[in-house]
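Structure below is run_7.txt: compact mmCIF, C-alpha atoms.
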# COMPACT_ATOMS: atom_id res chain seq x y z
CA MET A 298 3.30 -12.32 9.66
CA SER A 299 0.75 -9.58 9.16
CA GLY A 300 -2.04 -9.87 6.63
CA HIS A 301 -0.78 -6.68 5.02
CA SER A 302 2.67 -8.15 4.51
CA LYS A 303 1.18 -11.41 3.29
CA TRP A 304 -0.79 -9.64 0.57
CA HIS A 305 2.25 -7.66 -0.56
CA SER A 306 4.26 -10.85 -0.73
CA ILE A 307 1.59 -12.43 -2.94
CA ARG A 308 1.53 -9.38 -5.19
CA PHE A 309 5.27 -9.50 -5.81
CA LYS A 310 5.40 -13.29 -6.14
CA LYS A 311 2.75 -13.27 -8.85
CA GLY A 312 4.26 -10.30 -10.67
CA ILE A 313 1.14 -8.22 -10.17
CA VAL A 314 3.08 -4.98 -9.81
CA ASP A 315 4.94 -5.39 -13.11
CA ALA A 316 1.85 -6.60 -14.93
CA ARG A 317 -0.02 -3.49 -13.83
CA ARG A 318 2.74 -0.93 -14.32
CA GLY A 319 0.43 1.44 -16.20
CA LYS A 320 -2.06 1.37 -13.35
CA LEU A 321 0.79 1.73 -10.86
CA PHE A 322 2.01 4.92 -12.54
CA SER A 323 -1.53 6.32 -12.50
CA ARG A 324 -1.88 5.43 -8.82
CA LEU A 325 1.43 7.08 -7.94
CA ALA A 326 0.57 10.19 -9.97
CA LYS A 327 -2.69 10.58 -8.04
CA GLU A 328 -0.82 10.37 -4.74
CA ILE A 329 1.68 13.00 -5.91
CA ILE A 330 -1.16 15.30 -7.04
CA VAL A 331 -2.97 15.03 -3.70
CA ALA A 332 0.25 15.42 -1.70
CA ALA A 333 1.23 18.55 -3.65
CA ARG A 334 -2.28 20.00 -3.36
CA MET A 335 -2.37 19.51 0.40
CA GLY A 336 1.19 20.45 1.34
CA GLY A 337 2.68 22.37 -1.58
CA GLY A 338 5.03 21.43 -4.37
CA ASP A 339 8.32 21.58 -2.44
CA SER A 340 9.30 18.05 -1.41
CA ASP A 341 11.84 19.43 1.09
CA THR A 342 9.03 20.85 3.21
CA ASN A 343 6.28 18.36 2.28
CA PRO A 344 7.02 14.88 3.72
CA ARG A 345 4.06 13.23 2.01
CA LEU A 346 5.16 14.55 -1.37
CA ARG A 347 8.75 13.52 -0.71
CA THR A 348 7.65 9.95 0.01
CA ALA A 349 5.32 9.86 -3.00
CA ILE A 350 8.08 11.02 -5.34
CA ALA A 351 10.56 8.52 -3.87
CA ASN A 352 8.10 5.68 -4.43
CA ALA A 353 7.52 6.82 -8.02
CA ARG A 354 11.24 6.93 -8.74
CA ALA A 355 11.72 3.50 -7.16
CA VAL A 356 9.59 1.97 -9.96
CA ASN A 357 11.24 4.10 -12.67
CA MET A 358 8.31 6.43 -13.24
CA PRO A 359 9.53 9.04 -15.78
CA ASN A 360 10.60 12.38 -14.29
CA ASP A 361 8.30 14.23 -16.71
CA ASN A 362 5.32 12.33 -15.30
CA ILE A 363 6.36 13.22 -11.76
CA THR A 364 6.83 16.90 -12.62
CA ARG A 365 3.43 17.11 -14.32
CA ALA A 366 1.74 15.46 -11.36
CA VAL A 367 3.31 17.97 -8.95
CA LYS A 368 2.21 20.89 -11.14
CA ARG A 369 -1.31 19.53 -11.37
CA GLY A 370 -1.39 19.35 -7.60
CA THR A 371 -0.18 22.92 -7.15
CA GLY A 372 -2.50 24.25 -9.85
CA GLU A 373 0.23 25.18 -12.34
CA LEU A 374 -1.37 22.70 -14.76
CA GLU A 375 -5.04 21.88 -15.08
CA GLY A 376 -5.91 18.66 -13.29
CA VAL A 377 -8.58 16.59 -11.59
CA ASN A 378 -9.55 17.28 -7.98
CA TYR A 379 -9.26 13.94 -6.19
CA GLU A 380 -10.97 13.17 -2.90
CA GLU A 381 -9.54 10.73 -0.35
CA ILE A 382 -11.98 8.11 0.95
CA LEU A 383 -11.43 5.19 3.31
CA TYR A 384 -13.76 2.22 2.93
CA GLU A 385 -14.11 -0.53 5.51
CA ALA A 386 -15.32 -3.90 4.29
CA TYR A 387 -15.52 -7.64 4.85
CA ALA A 388 -14.16 -10.35 2.58
CA PRO A 389 -15.10 -14.07 2.59
CA GLY A 390 -13.94 -16.00 5.66
CA GLY A 391 -14.47 -13.08 8.02
CA VAL A 392 -11.46 -11.16 6.66
CA ALA A 393 -11.45 -7.42 7.44
CA LEU A 394 -10.47 -4.95 4.71
CA VAL A 395 -9.40 -1.31 4.71
CA ILE A 396 -9.52 0.21 1.22
CA GLU A 397 -7.85 3.54 0.44
CA VAL A 398 -9.37 5.36 -2.53
CA LEU A 399 -8.67 8.56 -4.49
CA THR A 400 -11.65 9.51 -6.64
CA ASP A 401 -13.05 12.43 -8.61
CA ASN A 402 -16.61 11.11 -8.15
CA ARG A 403 -17.57 9.92 -4.68
CA ASN A 404 -21.00 8.59 -5.66
CA ARG A 405 -19.70 6.59 -8.63
CA THR A 406 -16.92 5.00 -6.62
CA ALA A 407 -19.22 4.13 -3.71
CA GLY A 408 -21.56 2.30 -6.07
CA GLU A 409 -18.72 0.48 -7.78
CA MET A 410 -17.18 -0.59 -4.46
CA ARG A 411 -20.52 -1.91 -3.23
CA SER A 412 -21.12 -3.82 -6.47
CA LEU A 413 -17.58 -5.26 -6.69
CA LEU A 414 -17.59 -6.48 -3.10
CA SER A 415 -21.05 -8.03 -3.48
CA LYS A 416 -20.06 -9.93 -6.63
CA LYS A 417 -16.93 -11.31 -4.96
CA GLY A 418 -18.58 -12.45 -1.73
CA GLY A 419 -17.73 -9.40 0.36
CA SER A 420 -19.64 -6.43 1.73
CA LEU A 421 -19.13 -2.84 2.82
CA ALA A 422 -18.94 -2.28 6.57
CA GLY A 423 -19.97 0.69 8.68
CA THR A 424 -17.57 3.35 9.90
CA ASN A 425 -15.11 1.94 12.47
CA ALA A 426 -16.59 -1.54 12.09
CA VAL A 427 -13.20 -3.03 11.13
CA LEU A 428 -10.74 -0.13 11.43
CA PHE A 429 -10.17 -0.84 15.13
CA GLN A 430 -8.49 -4.11 14.07
CA PHE A 431 -5.70 -2.18 12.34
CA GLU A 432 -2.97 0.20 13.49
CA ARG A 433 -1.66 3.12 11.45
CA LYS A 434 2.07 2.57 10.99
CA GLY A 435 4.93 3.59 8.75
CA GLN A 436 6.39 0.77 6.66
CA VAL A 437 9.54 0.71 4.55
CA ARG A 438 10.26 -2.23 2.26
CA ILE A 439 13.79 -3.15 1.12
CA ALA A 440 14.75 -6.11 -1.07
CA THR A 441 16.84 -8.56 0.94
CA ALA A 442 19.41 -8.55 -1.87
CA LYS A 443 20.10 -4.84 -1.23
CA THR A 444 21.42 -5.11 2.34
CA THR A 445 22.01 -7.42 5.29
CA GLU A 446 19.54 -7.79 8.11
CA ASP A 447 22.15 -6.76 10.68
CA ASP A 448 23.08 -3.56 8.83
CA LEU A 449 19.46 -2.60 8.29
CA PHE A 450 18.56 -3.42 11.89
CA MET A 451 21.24 -1.09 13.24
CA VAL A 452 20.21 1.81 11.01
CA ALA A 453 16.48 1.35 11.49
CA THR A 454 16.44 0.85 15.26
CA GLU A 455 18.75 3.80 15.88
CA ALA A 456 16.27 5.93 13.91
CA GLY A 457 13.34 4.72 16.02
CA ALA A 458 11.93 1.72 14.13
CA GLU A 459 9.68 -0.63 16.10
CA ASN A 460 10.12 -3.85 14.13
CA LEU A 461 12.10 -5.49 11.33
CA GLU A 462 10.56 -8.47 9.55
CA ASN A 463 11.98 -10.72 6.81
CA ASP A 464 9.04 -11.12 4.46
CA GLU A 465 9.91 -13.56 1.66
CA GLY A 466 12.49 -11.57 -0.27
CA PHE A 467 11.88 -8.24 1.42
CA PHE A 468 12.74 -6.65 4.73
CA VAL A 469 9.79 -4.72 6.18
CA VAL A 470 10.70 -1.99 8.66
CA THR A 471 7.78 -0.80 10.77
CA SER A 472 7.68 2.43 12.74
CA SER A 473 5.21 4.75 14.39
CA VAL A 474 3.62 7.40 12.17
CA GLU A 475 5.62 10.05 14.02
CA ASP A 476 8.97 8.33 13.36
CA PHE A 477 8.23 7.25 9.79
CA GLU A 478 10.04 10.09 8.01
CA THR A 479 13.04 9.83 10.32
CA VAL A 480 13.32 6.07 9.76
CA ARG A 481 12.87 6.33 6.00
CA GLY A 482 15.42 9.15 5.81
CA ALA A 483 17.98 7.25 7.89
CA ILE A 484 17.73 4.16 5.69
CA GLU A 485 18.08 6.30 2.58
CA ALA A 486 21.03 8.22 4.07
CA ALA A 487 22.77 4.92 4.80
CA GLY A 488 22.76 4.18 1.07
CA ILE A 489 20.26 1.34 1.35
CA GLU A 490 17.94 1.24 -1.65
CA ILE A 491 14.26 1.43 -0.67
CA GLU A 492 11.69 -0.50 -2.69
CA SER A 493 8.69 1.37 -1.25
CA ALA A 494 7.72 3.42 1.79
CA ALA A 495 4.29 4.46 2.99
CA LEU A 496 1.94 4.89 5.89
CA ALA A 497 -0.09 1.70 6.10
CA TYR A 498 -2.89 0.07 8.04
CA VAL A 499 -1.29 -2.92 9.76
CA PRO A 500 -3.59 -5.60 11.23
CA GLN A 501 -3.19 -6.30 14.93
CA ASN A 502 -4.22 -9.94 14.43
CA VAL A 503 -4.72 -12.17 11.39
CA VAL A 504 -7.50 -14.52 10.36
CA PRO A 505 -6.41 -17.93 8.98
CA VAL A 506 -8.09 -18.58 5.62
CA GLU A 507 -8.12 -21.95 3.84
CA GLY A 508 -10.09 -23.92 1.27
CA ALA A 509 -12.57 -22.17 -0.99
CA ASP A 510 -12.39 -18.97 1.06
CA ALA A 511 -8.67 -18.58 0.29
CA LYS A 512 -9.34 -18.47 -3.43
CA LYS A 513 -12.27 -16.10 -2.95
CA VAL A 514 -10.22 -13.71 -0.82
CA LEU A 515 -7.39 -13.56 -3.35
CA ASP A 516 -9.88 -13.07 -6.18
CA LEU A 517 -11.48 -10.16 -4.33
CA MET A 518 -8.12 -8.59 -3.49
CA ASN A 519 -7.03 -8.81 -7.13
CA SER A 520 -10.29 -7.21 -8.29
CA LEU A 521 -9.88 -4.36 -5.83
CA GLU A 522 -6.29 -3.83 -6.97
CA ASP A 523 -7.55 -3.58 -10.55
CA HIS A 524 -10.01 -0.79 -9.74
CA ASP A 525 -8.75 2.56 -11.04
CA ASP A 526 -9.70 4.48 -7.89
CA VAL A 527 -8.15 2.10 -5.36
CA GLN A 528 -4.77 3.17 -4.02
CA ASN A 529 -4.15 0.49 -1.39
CA VAL A 530 -5.92 -2.49 0.14
CA TYR A 531 -5.08 -3.77 3.62
CA ALA A 532 -6.37 -7.08 4.98
CA ASN A 533 -5.97 -9.21 8.09
CA PHE A 534 -5.77 -12.65 6.47
CA ASP A 535 -3.12 -15.35 6.50
CA ILE A 536 -3.10 -18.18 3.95
CA PRO A 537 -0.79 -21.18 4.55
CA ASP A 538 2.11 -21.33 2.10
CA GLU A 539 1.12 -24.76 0.76
CA ILE A 540 -2.34 -23.42 -0.18
CA LEU A 541 -0.77 -20.33 -1.76
CA ALA A 542 1.49 -22.55 -3.86
CA GLU A 543 -1.49 -24.60 -4.98
CA LEU A 544 -3.50 -21.50 -5.91
CA SER A 545 -0.53 -20.06 -7.82
CA ARG A 546 -0.57 -23.13 -10.08
CA ASP A 547 -4.23 -22.59 -10.99
Would you mind writing the file out in structure tokens?
Amino acid sequence: MSGHSKWHSIRFKKGIVDARRGKLFSRLAKEIIVAARMGGGDSDTNPRLRTAIANARAVNMPNDNITRAVKRGTGELEGVNYEEILYEAYAPGGVALVIEVLTDNRNRTAGEMRSLLSKKGGSLAGTNAVLFQFERKGQVRIATAKTTEDDLFMVATEAGAENLENDEGFFVVTSSVEDFETVRGAIEAAGIEIESAALAYVPQNVVPVEGADAKKVLDLMNSLEDHDDVQNVYANFDIPDEILAELSRD
């Protein structure tokens, strides 16, 4: 199981997404704004915007919020100009991190990232210091209650998917970047409800983390998720299930 999938499993198990719905809406709105600014406000001709809107609707983000975000991106409404930044970092236990950020103040965010990581036992890394340990892939997540593995496998593989993984309550369909839109569209066309879809940084190998480092890594990941400018965090760790269960009781 990839570290990326492991973290997403932890997030859903602990109810982090629901607990942070306000932050989630803000995060999704930023992605819609940037997608519309870069590729225009027509989701039929802008794949990134189409995916961003689909993800927003999947978590019941109000249509008015989506429409305003699109208009801010196209300039029809006044809005903030967000810049995309990718940070590479280390967490306790030798865990590699890739942190996707959208910010309106590069200098402020850089300082806050450096400070947050330092306080939680991590550190910023140089360019390409950890990125080589990850692959850029498309990932589509579907709740296992929404379809069968056989049905999803047939649809996904025919559309060009590379892998289908059962990840503790969710199927994760992985594809190349080039086939991502085709795979996502095929699953949607088959009437299978998608929980989320995005381009992700998937670790090629994972680092086993136990003991005190496991708690420190989860604490750092949670703190990064709480930061207003952070869109996504990808990590190459794996924590044994028995340790996860113990930490969840804390």
Query raised in the report: Which residue, A:Ala349, A:Ala442, A:Ala487, A:Val427, has the smallest gap to Ala388 of chain A when you use all atoms listed in the file?
Result: A:Val427
If you take every atom of segment 478-481 of chain A that the file lists and fit an axis-aligned box around them with 6 Å extra on each side, what centre and edge lengths come out in Å to one decimal, as AutoDock Vina command-line options?
--center_x 11.7 --center_y 8.1 --center_z 8.2 --size_x 15.3 --size_y 16.0 --size_z 16.3
Query - Option closest in space to Glu455 of chain A, from A:Gly376, A:Gly482, A:Pro344, A:Gly488 [counting all atoms listed in the file] - result: A:Gly482
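For segment 350-357 of chain A, the set of protein, DNA and RNA residues having any atom at most 9 Å away, when counting all atoms listed in the file and skipping those fewer than 3 positions along the same chain, is Arg318, Leu321, Phe322, Leu325, Ala326, Glu328, Ile329, Ser340, Arg345, Leu346, Arg347, Asn360, Ile363, Glu490, Ile491, Glu492, Ser493, Ala494 and Ala495 of chain A.
Nearest to Asp526 of chain A of all the residues A:Gln436, A:Asn402, A:Thr454, A:Asn362 is A:Asn402, based on all atoms listed in the file.
Taking only C-alpha atoms into account, Ala497 of chain A lies nearest to A:Val530 out of the set A:Ile439, A:Ile484, A:Val530, A:Ala456.
Across the structure, atom CA of Val470 of chain A and atom CA of Tyr531 of chain A are spaced 16.7 Å apart.
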Query raised in the report: What's the 10 Å shell around Val377 of chain A, counting all atoms listed in the file, without same-chain residues fewer than 4 positions away, as a list in words?
Result: Lys327, Ile330, Val331, Arg369, Gly370, Gly372, Thr400 and Asp401 of chain A
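Across A:Ala366, A:Ile540, A:Ile396, A:Ala509, the tightest approach to Gly418 of chain A is made by A:Ala509 when counting all atoms listed in the file.
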For segment 363-383 of chain A, where the input has fewer atoms than it should, I would like N, CA and C atoms rebuilt and written as a PDB file, in the coordinates of the input.
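Output contents, as saved in part32.pdb:
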ATOM      1  N   ILE A 363       6.324  12.745 -13.142  1.00  0.00           N
ATOM      2  CA  ILE A 363       6.360  13.220 -11.760  1.00  0.00           C
ATOM      3  C   ILE A 363       6.176  14.736 -11.713  1.00  0.00           C
ATOM      4  N   THR A 364       6.908  15.435 -12.589  1.00  0.00           N
ATOM      5  CA  THR A 364       6.830  16.900 -12.620  1.00  0.00           C
ATOM      6  C   THR A 364       5.424  17.373 -12.969  1.00  0.00           C
ATOM      7  N   ARG A 365       4.795  16.723 -13.944  1.00  0.00           N
ATOM      8  CA  ARG A 365       3.430  17.110 -14.320  1.00  0.00           C
ATOM      9  C   ARG A 365       2.457  16.870 -13.182  1.00  0.00           C
ATOM     10  N   ALA A 366       2.632  15.766 -12.478  1.00  0.00           N
ATOM     11  CA  ALA A 366       1.740  15.460 -11.360  1.00  0.00           C
ATOM     12  C   ALA A 366       1.868  16.516 -10.256  1.00  0.00           C
ATOM     13  N   VAL A 367       3.097  16.926  -9.965  1.00  0.00           N
ATOM     14  CA  VAL A 367       3.310  17.970  -8.950  1.00  0.00           C
ATOM     15  C   VAL A 367       2.627  19.264  -9.386  1.00  0.00           C
ATOM     16  N   LYS A 368       2.797  19.635 -10.643  1.00  0.00           N
ATOM     17  CA  LYS A 368       2.210  20.890 -11.140  1.00  0.00           C
ATOM     18  C   LYS A 368       0.687  20.838 -11.173  1.00  0.00           C
ATOM     19  N   ARG A 369       0.144  19.659 -11.434  1.00  0.00           N
ATOM     20  CA  ARG A 369      -1.310  19.530 -11.370  1.00  0.00           C
ATOM     21  C   ARG A 369      -1.803  19.701  -9.927  1.00  0.00           C
ATOM     22  N   GLY A 370      -1.015  19.203  -8.996  1.00  0.00           N
ATOM     23  CA  GLY A 370      -1.390  19.350  -7.600  1.00  0.00           C
ATOM     24  C   GLY A 370      -1.319  20.780  -7.107  1.00  0.00           C
ATOM     25  N   THR A 371      -0.337  21.525  -7.579  1.00  0.00           N
ATOM     26  CA  THR A 371      -0.180  22.920  -7.150  1.00  0.00           C
ATOM     27  C   THR A 371      -1.027  23.884  -7.960  1.00  0.00           C
ATOM     28  N   GLY A 372      -1.649  23.394  -9.038  1.00  0.00           N
ATOM     29  CA  GLY A 372      -2.500  24.250  -9.850  1.00  0.00           C
ATOM     30  C   GLY A 372      -1.799  24.896 -11.024  1.00  0.00           C
ATOM     31  N   GLU A 373      -0.508  24.610 -11.198  1.00  0.00           N
ATOM     32  CA  GLU A 373       0.230  25.180 -12.340  1.00  0.00           C
ATOM     33  C   GLU A 373      -0.245  24.579 -13.658  1.00  0.00           C
ATOM     34  N   LEU A 374      -0.738  23.346 -13.606  1.00  0.00           N
ATOM     35  CA  LEU A 374      -1.370  22.700 -14.760  1.00  0.00           C
ATOM     36  C   LEU A 374      -2.785  22.303 -14.362  1.00  0.00           C
ATOM     37  N   GLU A 375      -3.666  22.292 -15.355  1.00  0.00           N
ATOM     38  CA  GLU A 375      -5.040  21.880 -15.080  1.00  0.00           C
ATOM     39  C   GLU A 375      -5.066  20.400 -14.706  1.00  0.00           C
ATOM     40  N   GLY A 376      -5.857  20.054 -13.709  1.00  0.00           N
ATOM     41  CA  GLY A 376      -5.910  18.660 -13.290  1.00  0.00           C
ATOM     42  C   GLY A 376      -7.216  18.341 -12.588  1.00  0.00           C
ATOM     43  N   VAL A 377      -7.373  17.074 -12.256  1.00  0.00           N
ATOM     44  CA  VAL A 377      -8.580  16.590 -11.590  1.00  0.00           C
ATOM     45  C   VAL A 377      -8.442  16.796 -10.078  1.00  0.00           C
ATOM     46  N   ASN A 378      -9.538  17.131  -9.430  1.00  0.00           N
ATOM     47  CA  ASN A 378      -9.550  17.280  -7.980  1.00  0.00           C
ATOM     48  C   ASN A 378      -9.957  15.960  -7.338  1.00  0.00           C
ATOM     49  N   TYR A 379      -8.989  15.245  -6.776  1.00  0.00           N
ATOM     50  CA  TYR A 379      -9.260  13.940  -6.190  1.00  0.00           C
ATOM     51  C   TYR A 379      -9.620  14.058  -4.712  1.00  0.00           C
ATOM     52  N   GLU A 380     -10.541  13.222  -4.286  1.00  0.00           N
ATOM     53  CA  GLU A 380     -10.970  13.170  -2.900  1.00  0.00           C
ATOM     54  C   GLU A 380     -10.506  11.853  -2.281  1.00  0.00           C
ATOM     55  N   GLU A 381      -9.988  11.928  -1.058  1.00  0.00           N
ATOM     56  CA  GLU A 381      -9.540  10.730  -0.350  1.00  0.00           C
ATOM     57  C   GLU A 381     -10.708  10.119   0.424  1.00  0.00           C
ATOM     58  N   ILE A 382     -10.921   8.825   0.230  1.00  0.00           N
ATOM     59  CA  ILE A 382     -11.980   8.110   0.950  1.00  0.00           C
ATOM     60  C   ILE A 382     -11.411   6.808   1.495  1.00  0.00           C
ATOM     61  N   LEU A 383     -11.835   6.454   2.692  1.00  0.00           N
ATOM     62  CA  LEU A 383     -11.430   5.190   3.310  1.00  0.00           C
ATOM     63  C   LEU A 383     -12.663   4.316   3.469  1.00  0.00           C
TER      64      LEU A 383
END
